[in-house]
Amino acid sequence: MRAIAISQPGGPEVLQLQTLPEPQAGAGECLIAVEAYGINRPDVLQRKGAYPPPAGASPLPGLEVAGRIVAGDESALAVAGLRIGDAVCALVAGGGYAERCVAPVEQCLPVPEGWSMAEAASLPETFFTVWSNVFERASLKSGESILVHGGSSGIGVTAIQLAKAFGARVLVTVGNAAKAQACLKLGAEVAINYREQDFVAEAKAATQGRGVDVILDMVAGDYVARGVQCLADDGRMVIIAVQGGVKAEFDAGQVLRRRLTISGSTLRPRSLAFKAGIARALRDKVWPLLASRKIAPVIYQQLPADQAAQAHALMESGEHVGKIVLVW
């Protein structure tokens, strides 16, 4: 099979097209003939040598794929309501940048009817992440408010649409006016340009001084202290990346007095059972919204599968709004 491998840690140019042996599906797994795969920031970190795959995972990058099941554990497929030949998208711990990819059956979801494979490939990583962190960990409820940092990212556009669909009020931070407009069009009520505005002051003003109920933070660093300031009483902050640094100093007294919760998570190393639980919740609560296109994919650019280096350079430029997807 053709695959995109990391020849050595480094820049986008280290992503190279190679011919490798086809992987084999084991118990509880299926083999997918990949037609499209998504690019995510953890892929960039892996390419740089800063985010190695979990033990037992493929050394190839790639956390989400879409394609057709060509082989696998037929009993596990039957239990999941799937069979060989079905079109699925899947969350994987690695190996997505290839023509064949092994996925746990319980992490496979049917491609919504009428969706292209490129659209389906844009779903798993961001939807699993947002559902797990916003709705399960932070318990966002209808009528509450959420501040999403990086509103125009793949995670951001997913969080906007899901939070809005479930009745929450959405505020976002973005880096320029064009990204602000894109987020407002998706359903955000307030878009704060962090280069020109103080997001703490703007979030407080937009909530009449109360603050937001939930913050989805992919920055960390000094954003943690500022996030504490703009959380409402009983507010919850979830950190899912540390683009701004791993160290933070904040007012712990506010956390105590106002009953704030600061937590965080990474999805890739979690257990199969944990991810299977998210998949079931998505299929039950979110897939009907996708089927009706009440929630739609936001694909910034679709590239040929062998142009992973160009896709990584685009992601690192920060120009994109939504997802970058590659198609074989």
# chains A, B, ... in the order shown; residues from 1 in each chain; ligands from 1
$ residues_around --residues "Ile299 in chain A" --least-positions-apart "4" --cutoff "10 Å" --atoms "only C-alpha atoms" --output "PyMOL selection string"
chain A and resi 38+118-119+122+154+320-325
$ write_last_selection --atoms "N, CA and C atoms" --output "PDB file, in the first residue's frame"
ATOM      1  N   GLY A  38      -8.071  12.998   7.489  1.00  0.00           N
ATOM      2  CA  GLY A  38      -8.000  14.366   7.975  1.00  0.00           C
ATOM      3  C   GLY A  38      -6.649  14.672   8.599  1.00  0.00           C
ATOM      4  N   ALA A 118     -14.561  12.665   1.831  1.00  0.00           N
ATOM      5  CA  ALA A 118     -13.773  13.769   2.375  1.00  0.00           C
ATOM      6  C   ALA A 118     -14.518  14.428   3.531  1.00  0.00           C
ATOM      7  N   GLU A 119     -15.814  14.627   3.380  1.00  0.00           N
ATOM      8  CA  GLU A 119     -16.603  15.203   4.467  1.00  0.00           C
ATOM      9  C   GLU A 119     -16.583  14.293   5.688  1.00  0.00           C
ATOM     10  N   SER A 122     -13.511  14.327   7.870  1.00  0.00           N
ATOM     11  CA  SER A 122     -13.304  15.527   8.685  1.00  0.00           C
ATOM     12  C   SER A 122     -13.950  15.423  10.057  1.00  0.00           C
ATOM     13  N   GLY A 154     -10.277  23.376  13.450  1.00  0.00           N
ATOM     14  CA  GLY A 154     -11.161  22.220  13.269  1.00  0.00           C
ATOM     15  C   GLY A 154     -11.955  21.919  14.525  1.00  0.00           C
ATOM     16  N   HIS A 320      -6.066  28.542   7.867  1.00  0.00           N
ATOM     17  CA  HIS A 320      -7.262  27.760   7.584  1.00  0.00           C
ATOM     18  C   HIS A 320      -8.407  28.065   8.544  1.00  0.00           C
ATOM     19  N   VAL A 321      -9.601  27.867   8.045  1.00  0.00           N
ATOM     20  CA  VAL A 321     -10.818  27.897   8.854  1.00  0.00           C
ATOM     21  C   VAL A 321     -11.469  26.532   8.692  1.00  0.00           C
ATOM     22  N   GLY A 322     -11.474  25.724   9.742  1.00  0.00           N
ATOM     23  CA  GLY A 322     -12.027  24.387   9.645  1.00  0.00           C
ATOM     24  C   GLY A 322     -10.964  23.348   9.343  1.00  0.00           C
ATOM     25  N   LYS A 323     -11.347  22.333   8.607  1.00  0.00           N
ATOM     26  CA  LYS A 323     -10.513  21.141   8.434  1.00  0.00           C
ATOM     27  C   LYS A 323      -9.744  21.157   7.108  1.00  0.00           C
ATOM     28  N   ILE A 324      -8.619  20.453   7.129  1.00  0.00           N
ATOM     29  CA  ILE A 324      -7.832  20.163   5.931  1.00  0.00           C
ATOM     30  C   ILE A 324      -7.910  18.658   5.723  1.00  0.00           C
ATOM     31  N   VAL A 325      -8.335  18.232   4.530  1.00  0.00           N
ATOM     32  CA  VAL A 325      -8.575  16.818   4.253  1.00  0.00           C
ATOM     33  C   VAL A 325      -7.822  16.415   2.994  1.00  0.00           C
TER      34      VAL A 325
END
$ residues_around --residues "Ala50 in chain A" --least-positions-apart "6" --cutoff "12 Å" --atoms "only C-alpha atoms" --output "CSV table (one decimal) with N, CA and C atoms, in the first residue's frame"
chain,number,residue,atom,x,y,z
A,8,GLN,N,12.0,11.3,9.5
A,8,GLN,CA,12.8,11.7,10.7
A,8,GLN,C,12.0,12.9,11.2
A,9,PRO,N,12.2,13.2,12.5
A,9,PRO,CA,11.6,14.4,13.1
A,9,PRO,C,12.0,15.7,12.3
A,10,GLY,N,11.0,16.6,12.0
A,10,GLY,CA,11.4,17.8,11.3
A,10,GLY,C,10.2,18.5,10.8
A,41,ARG,N,-3.7,18.8,14.5
A,41,ARG,CA,-2.5,19.3,15.1
A,41,ARG,C,-1.6,18.3,15.8
A,42,PRO,N,-2.2,17.2,16.4
A,42,PRO,CA,-1.4,16.2,16.9
A,42,PRO,C,-0.5,15.5,15.9
A,43,ASP,N,-0.9,15.5,14.6
A,43,ASP,CA,-0.1,15.0,13.6
A,43,ASP,C,1.2,15.8,13.4
A,44,VAL,N,1.0,17.1,13.5
A,44,VAL,CA,2.1,18.0,13.3
A,44,VAL,C,3.1,17.8,14.5
$ residues_around --residues "Arg2 in chain A" --least-positions-apart "6" --cutoff "7 Å" --atoms "only C-alpha atoms" --output "number ranges by chain"
A: 17-20, 98-99
$ write_last_selection --atoms "C-alpha atoms" --output "tab-separated table (two decimals), in the first residue's frame"
chain	number	residue	atom	x	y	z
A	17	LEU	CA	5.30	8.81	0.22
A	18	GLN	CA	6.40	5.21	0.71
A	19	THR	CA	5.24	1.71	-0.18
A	20	LEU	CA	4.67	-0.34	2.97
A	98	ALA	CA	-2.22	5.31	4.25
A	99	GLU	CA	-4.37	3.47	1.70
$ select_by_dssp --residues "range 230-294 of chain A" --states "helix (DSSP H, G or I)" --output "list in words"
Cys230, Ala252, Gly253, Gln254, Val255, Leu256, Arg257, Leu272, Ala273, Phe274, Lys275, Ala276, Gly277, Ile278, Ala279, Arg280, Ala281, Leu282, Arg283, Asp284, Lys285, Trp287, Pro288, Leu289, Leu290 and Ala291 of chain A
$ closest_residue --among "A:Ile84, A:Leu77, A:Val298, A:Leu303" --to "Lys185 in chain A" --atoms "only C-alpha atoms"
A:Val298
$ atom_distance --atom1 "CA of Ala203 in chain A" --atom2 "CA of Ile146 in chain A"
9.7 Å
$ closest_atom_pairs --of "range 181-268 of chain A" --to "range 125-130 of chain A" --cutoff "10 Å" --atoms "only C-alpha atoms" --output "JSON lines"
{"residue": "A:Leu216", "atom": "CA", "partner": "A:Val130", "partner_atom": "CA", "distance": 8.7}
{"residue": "A:Ile240", "atom": "CA", "partner": "A:Thr129", "partner_atom": "CA", "distance": 8.5}
{"residue": "A:Ser265", "atom": "CA", "partner": "A:Thr129", "partner_atom": "CA", "distance": 9.2}
{"residue": "A:Thr266", "atom": "CA", "partner": "A:Thr129", "partner_atom": "CA", "distance": 8.3}
{"residue": "A:Leu267", "atom": "CA", "partner": "A:Thr129", "partner_atom": "CA", "distance": 6.7}
{"residue": "A:Arg268", "atom": "CA", "partner": "A:Glu125", "partner_atom": "CA", "distance": 9.3}
$ write_last_selection --atoms "N, CA and C atoms" --output "short mmCIF file (atom, residue, chain, number, x, y, z; two decimals), in the first residue's frame"
data_model
loop_
_atom_site.label_atom_id
_atom_site.label_comp_id
_atom_site.auth_asym_id
_atom_site.auth_seq_id
_atom_site.Cartn_x
_atom_site.Cartn_y
_atom_site.Cartn_z
N LEU A 216 -13.44 26.10 26.57
CA LEU A 216 -12.66 25.06 25.88
C LEU A 216 -11.35 25.69 25.48
N ILE A 240 -7.36 21.26 26.45
CA ILE A 240 -7.16 20.12 25.55
C ILE A 240 -5.87 20.21 24.75
N SER A 265 -7.72 16.95 29.30
CA SER A 265 -7.65 15.58 28.83
C SER A 265 -6.97 15.52 27.48
N THR A 266 -6.41 14.36 27.17
CA THR A 266 -5.96 14.04 25.82
C THR A 266 -6.68 12.75 25.41
N LEU A 267 -7.07 12.67 24.17
CA LEU A 267 -7.90 11.56 23.72
C LEU A 267 -7.09 10.35 23.25
N ARG A 268 -5.99 10.60 22.58
CA ARG A 268 -5.27 9.52 21.90
C ARG A 268 -4.89 8.35 22.79
#
$ residues_around --residues "Asp234 in chain A" --least-positions-apart "5" --cutoff "12 Å" --atoms "only C-alpha atoms" --output "ChimeraX atom specification"
/A:138-140,144,210-215,228,254-262
$ residues_around --residues "range 285-290 of chain A" --least-positions-apart "3" --cutoff "10 Å" --atoms "only C-alpha atoms" --output "PyMOL selection string"
chain A and resi 109-113+115+120+123+127+131+162+165-166+279-282+293-297
$ write_last_selection --atoms "C-alpha atoms" --output "compact mmCIF listing (two decimals), in the first residue's frame"
# COMPACT_ATOMS: atom_id res chain seq x y z
CA LEU A 109 -19.25 5.19 12.59
CA PRO A 110 -21.31 5.01 9.40
CA VAL A 111 -20.73 7.71 6.81
CA PRO A 112 -23.84 9.93 6.96
CA GLU A 113 -26.06 9.37 3.93
CA TRP A 115 -21.86 12.72 2.55
CA ALA A 120 -16.77 12.05 6.58
CA LEU A 123 -15.49 14.24 11.53
CA PHE A 127 -16.25 15.31 17.14
CA TRP A 131 -18.15 15.61 22.70
CA LEU A 162 -22.42 21.28 18.49
CA ALA A 165 -27.25 22.70 18.28
CA PHE A 166 -27.65 21.73 21.93
CA ALA A 279 -18.72 6.68 19.63
CA ARG A 280 -22.02 5.34 20.98
CA ALA A 281 -22.99 8.76 22.30
CA LEU A 282 -22.13 10.41 18.98
CA ARG A 293 -27.12 18.53 7.82
CA LYS A 294 -28.17 20.64 10.77
CA ILE A 295 -24.46 20.31 11.44
CA ALA A 296 -22.21 20.40 8.37
CA PRO A 297 -18.51 19.85 7.71
$ residues_around --residues "Leu91 in chain A" --least-positions-apart "4" --cutoff "6 Å" --atoms "only C-alpha atoms" --output "ChimeraX atom specification"
/A:63-64,107,124
$ closest_residue --among "A:Ala93, A:Ala71, A:Leu147, A:Cys30" --to "Ala55 in chain A" --atoms "only C-alpha atoms"
A:Ala93
$ closest_residue --among "A:Met315, A:Ala5, A:Ala178, A:Val190" --to "Ser153 in chain A" --atoms "only C-alpha atoms"
A:Met315
$ closest_residue --among "A:Lys247, A:Lys141, A:Lys275, A:Arg100" --to "Ala163 in chain A" --atoms "only C-alpha atoms"
A:Lys141
$ atom_distance --atom1 "CA of Val92 in chain A" --atom2 "CA of Ala305 in chain A"
17.5 Å
$ decode --residues "range 16-28 of chain A" --atoms "all heavy atoms" --output "PDB file, in the first residue's frame"
ATOM      1  N   GLN A  16       6.980  11.666   3.726  1.00  0.00           N
ATOM      2  CA  GLN A  16       7.358  11.098   2.439  1.00  0.00           C
ATOM      3  C   GLN A  16       6.450   9.948   2.043  1.00  0.00           C
ATOM      4  O   GLN A  16       6.075   9.116   2.888  1.00  0.00           O
ATOM      5  CB  GLN A  16       8.817  10.623   2.498  1.00  0.00           C
ATOM      6  CG  GLN A  16       9.801  11.762   2.738  1.00  0.00           C
ATOM      7  CD  GLN A  16      11.240  11.297   2.738  1.00  0.00           C
ATOM      8  OE1 GLN A  16      11.535  10.108   2.595  1.00  0.00           O
ATOM      9  NE2 GLN A  16      12.167  12.233   2.897  1.00  0.00           N
ATOM     10  N   LEU A  17       6.107   9.901   0.763  1.00  0.00           N
ATOM     11  CA  LEU A  17       5.301   8.814   0.221  1.00  0.00           C
ATOM     12  C   LEU A  17       6.153   7.561   0.117  1.00  0.00           C
ATOM     13  O   LEU A  17       7.232   7.574  -0.469  1.00  0.00           O
ATOM     14  CB  LEU A  17       4.759   9.209  -1.152  1.00  0.00           C
ATOM     15  CG  LEU A  17       3.851   8.194  -1.842  1.00  0.00           C
ATOM     16  CD1 LEU A  17       2.556   7.998  -1.062  1.00  0.00           C
ATOM     17  CD2 LEU A  17       3.549   8.639  -3.270  1.00  0.00           C
ATOM     18  N   GLN A  18       5.686   6.471   0.723  1.00  0.00           N
ATOM     19  CA  GLN A  18       6.402   5.207   0.706  1.00  0.00           C
ATOM     20  C   GLN A  18       5.453   4.065   0.367  1.00  0.00           C
ATOM     21  O   GLN A  18       4.229   4.212   0.439  1.00  0.00           O
ATOM     22  CB  GLN A  18       7.045   4.938   2.072  1.00  0.00           C
ATOM     23  CG  GLN A  18       8.074   5.967   2.495  1.00  0.00           C
ATOM     24  CD  GLN A  18       8.720   5.641   3.842  1.00  0.00           C
ATOM     25  OE1 GLN A  18       8.447   4.589   4.424  1.00  0.00           O
ATOM     26  NE2 GLN A  18       9.583   6.522   4.326  1.00  0.00           N
ATOM     27  N   THR A  19       6.018   2.927  -0.001  1.00  0.00           N
ATOM     28  CA  THR A  19       5.242   1.705  -0.181  1.00  0.00           C
ATOM     29  C   THR A  19       5.538   0.786   0.998  1.00  0.00           C
ATOM     30  O   THR A  19       6.701   0.432   1.238  1.00  0.00           O
ATOM     31  CB  THR A  19       5.605   1.001  -1.502  1.00  0.00           C
ATOM     32  OG1 THR A  19       5.331   1.880  -2.587  1.00  0.00           O
ATOM     33  CG2 THR A  19       4.794  -0.269  -1.669  1.00  0.00           C
ATOM     34  N   LEU A  20       4.504   0.436   1.740  1.00  0.00           N
ATOM     35  CA  LEU A  20       4.665  -0.337   2.968  1.00  0.00           C
ATOM     36  C   LEU A  20       3.739  -1.545   2.967  1.00  0.00           C
ATOM     37  O   LEU A  20       2.751  -1.578   2.219  1.00  0.00           O
ATOM     38  CB  LEU A  20       4.334   0.545   4.182  1.00  0.00           C
ATOM     39  CG  LEU A  20       5.201   1.796   4.391  1.00  0.00           C
ATOM     40  CD1 LEU A  20       4.650   2.629   5.534  1.00  0.00           C
ATOM     41  CD2 LEU A  20       6.644   1.405   4.664  1.00  0.00           C
ATOM     42  N   PRO A  21       4.021  -2.548   3.804  1.00  0.00           N
ATOM     43  CA  PRO A  21       3.125  -3.701   3.900  1.00  0.00           C
ATOM     44  C   PRO A  21       1.748  -3.271   4.410  1.00  0.00           C
ATOM     45  O   PRO A  21       1.627  -2.374   5.243  1.00  0.00           O
ATOM     46  CB  PRO A  21       3.823  -4.621   4.915  1.00  0.00           C
ATOM     47  CG  PRO A  21       5.252  -4.187   4.912  1.00  0.00           C
ATOM     48  CD  PRO A  21       5.238  -2.718   4.646  1.00  0.00           C
ATOM     49  N   GLU A  22       0.724  -3.930   3.911  1.00  0.00           N
ATOM     50  CA  GLU A  22      -0.640  -3.647   4.355  1.00  0.00           C
ATOM     51  C   GLU A  22      -0.842  -4.175   5.774  1.00  0.00           C
ATOM     52  O   GLU A  22      -0.440  -5.295   6.080  1.00  0.00           O
ATOM     53  CB  GLU A  22      -1.617  -4.321   3.393  1.00  0.00           C
ATOM     54  CG  GLU A  22      -3.057  -3.982   3.600  1.00  0.00           C
ATOM     55  CD  GLU A  22      -3.917  -4.592   2.512  1.00  0.00           C
ATOM     56  OE1 GLU A  22      -3.855  -4.114   1.357  1.00  0.00           O
ATOM     57  OE2 GLU A  22      -4.663  -5.553   2.809  1.00  0.00           O
ATOM     58  N   PRO A  23      -1.454  -3.401   6.666  1.00  0.00           N
ATOM     59  CA  PRO A  23      -1.682  -3.892   8.027  1.00  0.00           C
ATOM     60  C   PRO A  23      -2.762  -4.960   8.057  1.00  0.00           C
ATOM     61  O   PRO A  23      -3.561  -5.086   7.123  1.00  0.00           O
ATOM     62  CB  PRO A  23      -2.128  -2.635   8.779  1.00  0.00           C
ATOM     63  CG  PRO A  23      -2.772  -1.792   7.736  1.00  0.00           C
ATOM     64  CD  PRO A  23      -1.986  -2.036   6.475  1.00  0.00           C
ATOM     65  N   GLN A  24      -2.790  -5.731   9.123  1.00  0.00           N
ATOM     66  CA  GLN A  24      -3.765  -6.802   9.273  1.00  0.00           C
ATOM     67  C   GLN A  24      -4.665  -6.513  10.484  1.00  0.00           C
ATOM     68  O   GLN A  24      -4.178  -6.142  11.548  1.00  0.00           O
ATOM     69  CB  GLN A  24      -3.057  -8.153   9.472  1.00  0.00           C
ATOM     70  CG  GLN A  24      -2.117  -8.533   8.337  1.00  0.00           C
ATOM     71  CD  GLN A  24      -2.839  -8.722   7.017  1.00  0.00           C
ATOM     72  OE1 GLN A  24      -3.852  -9.430   6.968  1.00  0.00           O
ATOM     73  NE2 GLN A  24      -2.325  -8.114   5.957  1.00  0.00           N
ATOM     74  N   ALA A  25      -5.952  -6.716  10.300  1.00  0.00           N
ATOM     75  CA  ALA A  25      -6.901  -6.497  11.395  1.00  0.00           C
ATOM     76  C   ALA A  25      -6.897  -7.690  12.341  1.00  0.00           C
ATOM     77  O   ALA A  25      -6.853  -8.838  11.909  1.00  0.00           O
ATOM     78  CB  ALA A  25      -8.292  -6.269  10.837  1.00  0.00           C
ATOM     79  N   GLY A  26      -6.964  -7.407  13.638  1.00  0.00           N
ATOM     80  CA  GLY A  26      -7.028  -8.450  14.644  1.00  0.00           C
ATOM     81  C   GLY A  26      -8.411  -8.548  15.259  1.00  0.00           C
ATOM     82  O   GLY A  26      -9.396  -8.035  14.705  1.00  0.00           O
ATOM     83  N   ALA A  27      -8.507  -9.167  16.395  1.00  0.00           N
ATOM     84  CA  ALA A  27      -9.784  -9.318  17.085  1.00  0.00           C
ATOM     85  C   ALA A  27     -10.357  -7.951  17.439  1.00  0.00           C
ATOM     86  O   ALA A  27      -9.639  -7.087  17.953  1.00  0.00           O
ATOM     87  CB  ALA A  27      -9.608 -10.148  18.348  1.00  0.00           C
ATOM     88  N   GLY A  28     -11.620  -7.753  17.149  1.00  0.00           N
ATOM     89  CA  GLY A  28     -12.285  -6.493  17.452  1.00  0.00           C
ATOM     90  C   GLY A  28     -11.924  -5.362  16.516  1.00  0.00           C
ATOM     91  O   GLY A  28     -12.299  -4.212  16.764  1.00  0.00           O
TER      92      GLY A  28
END
